[in-house]
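Coordinates from structure22.txt are shown below (compact mmCIF, C-alpha atoms and all ligand atoms).
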```txt
# COMPACT_ATOMS: atom_id res chain seq x y z
CA MET A 1 0.00 0.00 0.00
CA GLN A 2 1.27 3.45 -0.83
CA VAL A 3 0.05 6.44 1.15
CA ILE A 4 0.31 9.80 -0.59
CA ILE A 5 -0.30 12.82 1.60
CA ALA A 6 -1.32 15.80 -0.52
CA SER A 7 -1.34 19.36 0.74
CA CYS A 8 -5.06 19.95 0.10
CA ALA A 9 -8.24 18.39 -1.27
CA ALA A 10 -7.67 19.90 -4.71
CA GLU A 11 -4.30 18.17 -4.96
CA VAL A 12 -5.92 14.84 -3.99
CA ALA A 13 -8.22 15.22 -7.00
CA THR A 14 -5.41 16.24 -9.34
CA LEU A 15 -3.23 13.29 -8.36
CA GLY A 16 -6.17 10.88 -8.61
CA ALA A 17 -7.14 12.18 -12.04
CA ARG A 18 -3.58 11.66 -13.26
CA TYR A 19 -3.83 7.92 -12.54
CA CYS A 20 -7.10 7.77 -14.49
CA LEU A 21 -5.51 9.65 -17.40
CA ASP A 22 -2.54 7.25 -17.45
CA LEU A 23 -4.83 4.23 -17.48
CA ILE A 24 -7.18 5.53 -20.17
CA ASN A 25 -4.30 6.54 -22.42
CA SER A 26 -2.39 3.31 -21.95
CA LYS A 27 -5.11 0.69 -22.53
CA GLN A 28 -7.20 -0.02 -25.57
CA SER A 29 -10.38 -0.82 -23.61
CA PRO A 30 -9.89 0.50 -20.10
CA VAL A 31 -12.28 -0.48 -17.34
CA LEU A 32 -12.71 2.07 -14.59
CA GLY A 33 -14.42 1.42 -11.26
CA LEU A 34 -16.19 4.53 -9.97
CA ALA A 35 -17.57 5.84 -6.70
CA THR A 36 -20.21 8.41 -5.80
CA GLY A 37 -20.38 10.71 -2.75
CA SER A 38 -18.69 14.06 -2.23
CA THR A 39 -15.07 12.93 -2.41
CA PRO A 40 -14.70 12.01 -6.12
CA VAL A 41 -16.61 15.04 -7.45
CA ALA A 42 -13.45 17.15 -7.77
CA LEU A 43 -11.67 14.29 -9.52
CA TYR A 44 -14.58 13.99 -11.99
CA LYS A 45 -14.30 17.74 -12.67
CA GLU A 46 -10.61 17.24 -13.48
CA LEU A 47 -11.45 14.38 -15.85
CA ILE A 48 -14.05 16.55 -17.60
CA GLU A 49 -11.46 19.29 -17.98
CA MET A 50 -8.92 16.82 -19.38
CA TYR A 51 -11.53 15.63 -21.88
CA GLU A 52 -12.35 19.23 -22.90
CA ASN A 53 -8.61 19.86 -23.39
CA ASN A 54 -8.35 16.79 -25.63
CA GLN A 55 -6.04 15.02 -23.21
CA LEU A 56 -8.20 11.90 -23.23
CA SER A 57 -11.25 10.28 -24.74
CA PHE A 58 -13.64 7.92 -22.95
CA LYS A 59 -14.97 6.33 -26.17
CA GLN A 60 -13.39 2.96 -25.43
CA THR A 61 -13.83 3.10 -21.63
CA HIS A 62 -16.22 0.93 -19.65
CA THR A 63 -17.15 1.95 -16.11
CA PHE A 64 -18.58 0.07 -13.14
CA ASN A 65 -19.96 1.90 -10.14
CA LEU A 66 -19.61 0.49 -6.68
CA ASP A 67 -23.17 0.70 -5.49
CA GLU A 68 -26.77 1.85 -5.84
CA TYR A 69 -29.66 2.39 -3.44
CA LEU A 70 -32.35 -0.27 -3.51
CA GLY A 71 -35.70 1.14 -4.51
CA LEU A 72 -34.59 4.33 -6.27
CA ALA A 73 -35.33 4.60 -9.98
CA THR A 74 -32.49 5.80 -12.21
CA SER A 75 -34.44 9.05 -12.73
CA HIS A 76 -34.42 9.78 -8.97
CA PRO A 77 -32.01 12.67 -8.25
CA GLN A 78 -30.53 10.74 -5.30
CA SER A 79 -29.91 7.56 -7.27
CA TYR A 80 -26.28 6.90 -8.01
CA ARG A 81 -27.05 6.46 -11.72
CA TYR A 82 -28.45 9.99 -11.76
CA PHE A 83 -25.41 11.24 -9.85
CA MET A 84 -22.96 9.67 -12.31
CA ASN A 85 -24.84 10.96 -15.35
CA SER A 86 -24.94 14.50 -14.02
CA GLN A 87 -21.48 14.65 -12.41
CA LEU A 88 -19.50 12.93 -15.16
CA PHE A 89 -21.06 10.98 -18.00
CA GLN A 90 -23.08 13.85 -19.53
CA HIS A 91 -19.93 15.92 -19.86
CA ILE A 92 -17.64 13.44 -21.60
CA ASP A 93 -17.67 11.30 -24.75
CA ILE A 94 -18.44 8.00 -23.02
CA ASP A 95 -21.03 5.66 -24.52
CA LEU A 96 -23.72 5.39 -21.81
CA ASN A 97 -24.20 1.74 -22.79
CA ASN A 98 -20.68 1.15 -21.47
CA THR A 99 -21.46 2.61 -18.05
CA TYR A 100 -22.72 0.19 -15.42
CA VAL A 101 -24.38 0.99 -12.10
CA PRO A 102 -26.03 -1.82 -10.11
CA ASN A 103 -29.75 -1.97 -10.78
CA GLY A 104 -31.55 -0.90 -7.62
CA MET A 105 -35.01 -1.59 -9.06
CA SER A 106 -34.82 -5.20 -10.20
CA GLU A 107 -34.72 -8.45 -8.23
CA PRO A 108 -31.54 -7.91 -6.16
CA LYS A 109 -30.07 -11.43 -6.28
CA THR A 110 -30.30 -11.52 -10.06
CA ALA A 111 -29.04 -7.93 -10.33
CA ALA A 112 -26.05 -8.81 -8.14
CA SER A 113 -25.01 -11.92 -10.04
CA GLU A 114 -25.54 -10.13 -13.37
CA TYR A 115 -23.29 -7.31 -12.18
CA GLU A 116 -20.50 -9.73 -11.29
CA ALA A 117 -20.91 -11.37 -14.70
CA GLN A 118 -20.77 -8.01 -16.49
CA ILE A 119 -17.52 -7.08 -14.73
CA LYS A 120 -16.06 -10.43 -15.72
CA HIS A 121 -17.27 -10.05 -19.30
CA CYS A 122 -15.40 -6.73 -19.58
CA GLY A 123 -12.20 -8.39 -18.37
CA GLY A 124 -12.28 -7.10 -14.79
CA ILE A 125 -11.66 -3.64 -13.40
CA ASP A 126 -8.30 -2.03 -14.19
CA LEU A 127 -8.53 0.87 -11.78
CA GLN A 128 -11.08 1.20 -8.96
CA ILE A 129 -11.71 4.60 -7.39
CA LEU A 130 -12.88 4.45 -3.78
CA GLY A 131 -13.96 6.86 -1.09
CA VAL A 132 -14.24 5.75 2.51
CA GLY A 133 -17.03 6.18 5.02
CA ARG A 134 -16.37 7.60 8.47
CA ASN A 135 -17.05 4.08 9.76
CA GLY A 136 -14.48 2.58 7.38
CA HIS A 137 -16.92 1.30 4.75
CA ILE A 138 -15.88 0.96 1.13
CA GLY A 139 -18.70 0.78 -1.36
CA PHE A 140 -21.55 0.07 1.03
CA ASN A 141 -19.67 -2.71 2.77
CA GLU A 142 -20.47 -1.69 6.30
CA PRO A 143 -18.50 -2.86 9.36
CA SER A 144 -18.95 -6.63 9.87
CA SER A 145 -19.12 -7.22 6.10
CA SER A 146 -17.38 -10.37 4.96
CA LEU A 147 -13.91 -9.52 3.70
CA VAL A 148 -14.47 -11.90 0.77
CA SER A 149 -18.02 -10.72 -0.02
CA ARG A 150 -19.35 -10.40 -3.57
CA THR A 151 -21.93 -7.99 -5.00
CA ARG A 152 -25.04 -8.24 -2.86
CA VAL A 153 -27.63 -6.34 -0.85
CA LYS A 154 -26.34 -4.65 2.29
CA THR A 155 -28.16 -2.95 5.15
CA LEU A 156 -26.80 0.55 5.65
CA ALA A 157 -25.36 1.42 9.06
CA LYS A 158 -26.93 4.21 11.09
CA GLN A 159 -23.82 6.38 10.67
CA THR A 160 -24.02 6.01 6.88
CA LEU A 161 -27.72 6.89 6.89
CA ASP A 162 -27.00 9.93 9.06
CA ASP A 163 -24.04 11.01 6.89
CA ASN A 164 -26.05 10.72 3.68
CA LYS A 165 -29.19 12.37 5.04
CA ARG A 166 -27.82 15.66 3.71
CA PHE A 167 -28.58 14.58 0.14
CA PHE A 168 -32.29 13.94 0.81
CA ASN A 169 -35.06 16.50 1.35
CA PRO A 170 -36.68 16.48 4.80
CA GLY A 171 -39.35 13.76 4.85
CA GLU A 172 -38.11 12.23 1.60
CA PHE A 173 -37.74 8.42 1.45
CA GLN A 174 -34.13 7.50 2.17
CA PRO A 175 -33.38 3.86 1.38
CA SER A 176 -31.78 1.80 4.14
CA LEU A 177 -30.68 -0.95 1.76
CA ALA A 178 -28.22 -0.83 -1.10
CA ILE A 179 -26.73 -3.17 -3.63
CA THR A 180 -22.95 -2.98 -3.47
CA MET A 181 -19.89 -4.62 -4.94
CA GLY A 182 -18.46 -6.89 -2.28
CA ILE A 183 -15.06 -6.49 -0.69
CA GLY A 184 -13.88 -9.57 -2.58
CA THR A 185 -15.16 -7.98 -5.81
CA ILE A 186 -13.33 -4.72 -5.09
CA LEU A 187 -10.09 -6.52 -4.22
CA GLU A 188 -10.04 -8.11 -7.69
CA ALA A 189 -9.40 -4.73 -9.34
CA ASP A 190 -5.85 -4.52 -10.73
CA LYS A 191 -5.22 -1.19 -9.08
CA ILE A 192 -7.14 0.67 -6.38
CA LEU A 193 -7.10 4.39 -5.62
CA LEU A 194 -8.73 5.37 -2.34
CA LEU A 195 -9.29 9.09 -1.89
CA ALA A 196 -10.15 10.84 1.36
CA THR A 197 -10.22 14.46 2.44
CA GLY A 198 -11.06 16.31 5.63
CA SER A 199 -10.71 15.62 9.32
CA ALA A 200 -13.94 13.56 9.52
CA LYS A 201 -12.06 10.79 7.70
CA ALA A 202 -8.94 10.82 9.90
CA ASN A 203 -9.98 7.89 12.13
CA ALA A 204 -11.11 5.74 9.23
CA ILE A 205 -7.79 6.39 7.47
CA LYS A 206 -5.84 5.51 10.59
CA GLU A 207 -7.74 2.19 10.85
CA LEU A 208 -7.43 1.51 7.14
CA VAL A 209 -3.68 2.05 6.96
CA GLU A 210 -2.35 1.25 10.43
CA GLY A 211 -5.13 -0.71 12.13
CA PRO A 212 -5.46 -4.47 12.17
CA LEU A 213 -7.05 -6.28 9.24
CA SER A 214 -10.60 -6.45 10.49
CA ALA A 215 -14.20 -6.53 9.30
CA SER A 216 -14.78 -3.77 11.87
CA CYS A 217 -13.02 -1.50 9.37
CA PRO A 218 -13.89 -2.95 5.94
CA ALA A 219 -11.37 -0.62 4.26
CA SER A 220 -8.55 -2.39 6.14
CA ALA A 221 -9.08 -5.24 3.64
CA LEU A 222 -7.11 -3.06 1.22
CA GLN A 223 -4.01 -4.11 3.17
CA MET A 224 -4.45 -7.43 1.35
CA HIS A 225 -4.38 -5.80 -2.10
CA ARG A 226 -1.13 -5.69 -4.06
CA ASP A 227 -1.53 -2.29 -5.67
CA THR A 228 -3.51 0.17 -3.58
CA ILE A 229 -2.70 3.87 -3.43
CA VAL A 230 -4.31 5.91 -0.68
CA ILE A 231 -4.36 9.61 -1.60
CA ILE A 232 -5.36 11.87 1.27
CA ASP A 233 -5.03 15.46 2.35
CA THR A 234 -3.22 16.50 5.53
CA GLN A 235 -6.48 16.62 7.50
CA ALA A 236 -7.44 13.05 6.63
CA ALA A 237 -3.83 12.01 7.39
CA ALA A 238 -3.79 13.70 10.80
CA ALA A 239 -4.17 10.54 12.94
CA LEU A 240 -1.53 8.51 11.08
CA GLU A 241 1.48 7.64 13.20
CA HIS A 242 3.99 7.10 10.39
CA GLN A 243 3.38 10.12 8.17
CA THR A 244 7.08 10.86 7.74
CA TYR A 245 7.73 7.34 6.52
CA TYR A 246 4.86 7.52 3.98
CA GLN A 247 6.24 10.80 2.66
CA GLN A 248 9.68 9.25 2.33
CA VAL A 249 8.24 6.28 0.41
CA THR A 250 6.42 8.69 -1.93
CA THR A 251 9.59 10.66 -2.64
CA GLN A 252 11.65 7.54 -3.27
CA THR A 253 8.94 5.87 -5.37
CA GLU A 254 9.02 8.86 -7.73
CA GLN A 255 12.72 8.13 -8.30
CA LEU A 256 12.30 4.37 -8.71
CA ASP A 257 11.27 2.41 -11.72
CA TYR A 258 9.54 -0.36 -9.79
CA ASN A 259 6.89 -0.91 -7.17
CA ASN A 260 7.55 0.19 -3.61
CA ASP A 261 4.32 -0.99 -2.03
C1 LIG A 301 -20.05 5.77 -2.80
C2 LIG A 301 -19.53 4.84 -1.83
C3 LIG A 301 -19.19 5.23 -0.43
C4 LIG A 301 -18.53 6.60 -0.31
C5 LIG A 301 -18.28 6.94 1.15
C6 LIG A 301 -17.68 8.32 1.32
O1 LIG A 301 -20.28 5.13 -4.05
O2 LIG A 301 -19.42 3.72 -2.18
O3 LIG A 301 -18.34 4.24 0.11
O4 LIG A 301 -17.32 6.60 -1.00
O5 LIG A 301 -19.48 6.88 1.85
O6 LIG A 301 -18.61 9.27 0.91
P1 LIG A 301 -18.22 10.82 0.80
O7 LIG A 301 -17.23 10.92 -0.30
O8 LIG A 301 -19.52 11.51 0.49
O9 LIG A 301 -17.65 11.20 2.12
```
Rewrite the coordinates I just gave you, this time as structure tokens.
Amino acid sequence: MQVIIASCAAEVATLGARYCLDLINSKQSPVLGLATGSTPVALYKELIEMYENNQLSFKQTHTFNLDEYLGLATSHPQSYRYFMNSQLFQHIDIDLNNTYVPNGMSEPKTAASEYEAQIKHCGGIDLQILGVGRNGHIGFNEPSSSLVSRTRVKTLAKQTLDDNKRFFNPGEFQPSLAITMGIGTILEADKILLLATGSAKANAIKELVEGPLSASCPASALQMHRDTIVIIDTQAAAALEHQTYYQQVTTQTEQLDYNND
């Protein structure tokens, strides 16, 4: 695992976008795993800008989102399909038929196994973008999730419901179930980029990077992945004990021609 501590949230997005650019420009049919929530929005803005500046094209790219609420139609402004269309897909040259978000309106078991099959059919995910919940969730794999789980329905934790309440109008139906890629599914991505900004994420980052491997912090499962890069700002890094070491690894990795994970 490599931990990159950026000076601010904007730099987190810039660094993250650079990895996406490298992937898209180096593969004929790149497969990108995407996340929703507040964290990746700045990265998506960077990708849109890169597209507008002719630095990349998404014509050959397939995307797979991590999760979707159960019971929200794709036209619902809080559905993750709606989010992806409005935050990214509408602004770039991607073929919408090549963008996959779990189906929150069909029979969940079938939707889950179909999603796994679609990922497989596209050759697996090359680069998975992740955020992290304050409780250490990745996707909607809440604490106690199986570390080898596959795409399935998951009950959202109270903290997640509280954190995401801000997106819903008062009195509006907020789903308490979601369909999410499993931790085992996520860990099959070739490369993983986890982004986090702000002090609210400091504890989760501490557990993820320096805590024990534990279902109590699902993100700690990334310790078992061969090529994960955690890009965080100084606020999200604040609780890490070995910040100086991570900075040293980053500096030396830039000078090396091989992995230093
Ligand atoms: C979103 C997702 C979640 C979020 C996490 C952080 O698709 O899977 O794991 O990444 O809840 O959300 P924000 O970025 O809003 O703090």
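If all atoms listed in the file are the atoms counted, then among A:Ile92, A:Met181, A:Leu161, A:Ile231 the closest residue to Leu147 (chain A) is A:Met181.
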Identify, on the basis of all atoms listed in the file, every residue whose closest approach to Ala157 (chain A) does not exceed 10 Å; exclude the query and any residue fewer than 2 positions from it along the same chain; express the result as a PyMOL selection string. chain A and resi 135+137+140-143+154-155+159-163+176-177
Closest atom pairs, chain A residues within 7 Å of ligand LIG 301 (chain A), all atoms listed in the file, as JSON lines:
```
{"residue": "A:Ala35", "atom": "CA", "partner": "A:LIG301", "partner_atom": "O1", "distance": 3.9}
{"residue": "A:Thr36", "atom": "CA", "partner": "A:LIG301", "partner_atom": "O1", "distance": 3.7}
{"residue": "A:Gly37", "atom": "CA", "partner": "A:LIG301", "partner_atom": "O8", "distance": 3.4}
{"residue": "A:Ser38", "atom": "CA", "partner": "A:LIG301", "partner_atom": "O8", "distance": 3.8}
{"residue": "A:Thr39", "atom": "CA", "partner": "A:LIG301", "partner_atom": "O7", "distance": 3.6}
{"residue": "A:Pro40", "atom": "CA", "partner": "A:LIG301", "partner_atom": "O7", "distance": 6.4}
{"residue": "A:Asn65", "atom": "CA", "partner": "A:LIG301", "partner_atom": "O1", "distance": 6.9}
{"residue": "A:Leu66", "atom": "CA", "partner": "A:LIG301", "partner_atom": "O1", "distance": 5.4}
{"residue": "A:Asp67", "atom": "CA", "partner": "A:LIG301", "partner_atom": "O1", "distance": 5.5}
{"residue": "A:Leu130", "atom": "CA", "partner": "A:LIG301", "partner_atom": "O4", "distance": 5.7}
{"residue": "A:Gly131", "atom": "CA", "partner": "A:LIG301", "partner_atom": "O4", "distance": 3.4}
{"residue": "A:Val132", "atom": "CA", "partner": "A:LIG301", "partner_atom": "C5", "distance": 4.4}
{"residue": "A:Gly133", "atom": "CA", "partner": "A:LIG301", "partner_atom": "O5", "distance": 4.1}
{"residue": "A:His137", "atom": "CA", "partner": "A:LIG301", "partner_atom": "O3", "distance": 5.7}
{"residue": "A:Ile138", "atom": "CA", "partner": "A:LIG301", "partner_atom": "O3", "distance": 4.2}
{"residue": "A:Gly139", "atom": "CA", "partner": "A:LIG301", "partner_atom": "O2", "distance": 3.1}
{"residue": "A:Phe140", "atom": "CA", "partner": "A:LIG301", "partner_atom": "O2", "distance": 5.3}
{"residue": "A:Thr160", "atom": "CA", "partner": "A:LIG301", "partner_atom": "O5", "distance": 6.8}
```
Any chance you could tabulate, as a Markdown table, the residues of region 53-94 of chain A at most 10 Å from region 23-34 of chain A with each one's nearest atom pair and distance in Å to one decimal, using all atoms listed in the file, in chain and rising number order?
```
| residue | atom | partner | partner_atom | distance |
| --- | --- | --- | --- | --- |
| A:Gln55 | CA | A:Asn25 | CA | 8.7 |
| A:Leu56 | CA | A:Asn25 | CA | 6.7 |
| A:Ser57 | CA | A:Ile24 | CA | 7.7 |
| A:Phe58 | CA | A:Ile24 | CA | 7.4 |
| A:Lys59 | CA | A:Ser29 | CA | 8.9 |
| A:Gln60 | CA | A:Ser29 | CA | 5.2 |
| A:Thr61 | CA | A:Pro30 | CA | 5.0 |
| A:His62 | CA | A:Val31 | CA | 4.8 |
| A:Thr63 | CA | A:Leu32 | CA | 4.7 |
| A:Phe64 | CA | A:Gly33 | CA | 4.8 |
| A:Asn65 | CA | A:Leu34 | CA | 4.6 |
| A:Leu66 | CA | A:Leu34 | CA | 6.2 |
| A:Asp67 | CA | A:Leu34 | CA | 9.1 |
| A:Met84 | CA | A:Leu34 | CA | 8.8 |
```
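Counting all atoms listed in the file and comparing A:Gly71, A:Gly211, A:Gly198, A:Gly136, the residue that lies closest to Pro102 (chain A) is A:Gly71.
Between Lys158 (chain A) and the residues A:Gln174, A:Asn203, A:Thr244, A:Ser214, the shortest atom-to-atom distance, using all atoms listed in the file, involves A:Gln174.
Of the listed residues A:Ala202, A:Tyr82, A:Tyr100, A:Asn260, the one whose atoms come nearest to Met1 (chain A) is A:Asn260, with distances taken using only C-alpha atoms.
Closest approach to Glu241 (chain A) from the set A:Val12, A:Val41, A:Met105, A:Val209 is made by A:Val209, with distances taken over all atoms listed in the file.
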Closest of A:Ala215, A:Val101, A:Leu15, A:Leu240 to Asn85 (chain A), counting only C-alpha atoms, is A:Val101
Using the file's own x, y and z axes, what box holds all listed atoms of region 73-84 of chain A with 6 Å on each side, keeping edges along x, y and z, and what are its centre and edge lengths in Å to one decimal, as JSON?
```
{"center_x": -29.1, "center_y": 8.6, "center_z": -9.0, "size_x": 24.4, "size_y": 20.1, "size_z": 19.4}
```
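Of note, CA of Lys120 (chain A) and CA of Thr151 (chain A) are spaced 12.5 Å apart.
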Residues near Ser199 (chain A), anyone? I mean within 12 Å using only C-alpha atoms, not counting same-chain ones fewer than 5 positions away, as a list in words. Cys8, Ala9, Arg134, Ala204, Ile205, Lys206, Ile232, Asp233, Thr234, Gln235, Ala236, Ala237, Ala238, Ala239 and Leu240 of chain A
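CA of Leu127 (chain A) to CA of Leu194 (chain A) spans 10.5 Å [interatomic distance, one decimal].
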Need the shell around Phe168 (chain A): protein/DNA/RNA residues with any atom at most 10 Å away, counting all atoms listed in the file. Skip same-chain ones fewer than 4 positions apart. Format as a CSV table (one decimal) with C-alpha atoms, in the frame of the given file?
```csv
chain,number,residue,atom,x,y,z
A,77,PRO,CA,-32.0,12.7,-8.2
A,78,GLN,CA,-30.5,10.7,-5.3
A,164,ASN,CA,-26.0,10.7,3.7
A,172,GLU,CA,-38.1,12.2,1.6
A,173,PHE,CA,-37.7,8.4,1.4
A,174,GLN,CA,-34.1,7.5,2.2
```
For Thr228 (chain A): contacts at 7 Å, all atoms listed in the file, fewer than 6 positions along chain excluded, given as an MDAnalysis selection string: chainID A and resid 1:2 191:193 222
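In this structure, CA of Thr250 (chain A) sits 6.4 Å away from CA of Ile4 (chain A).
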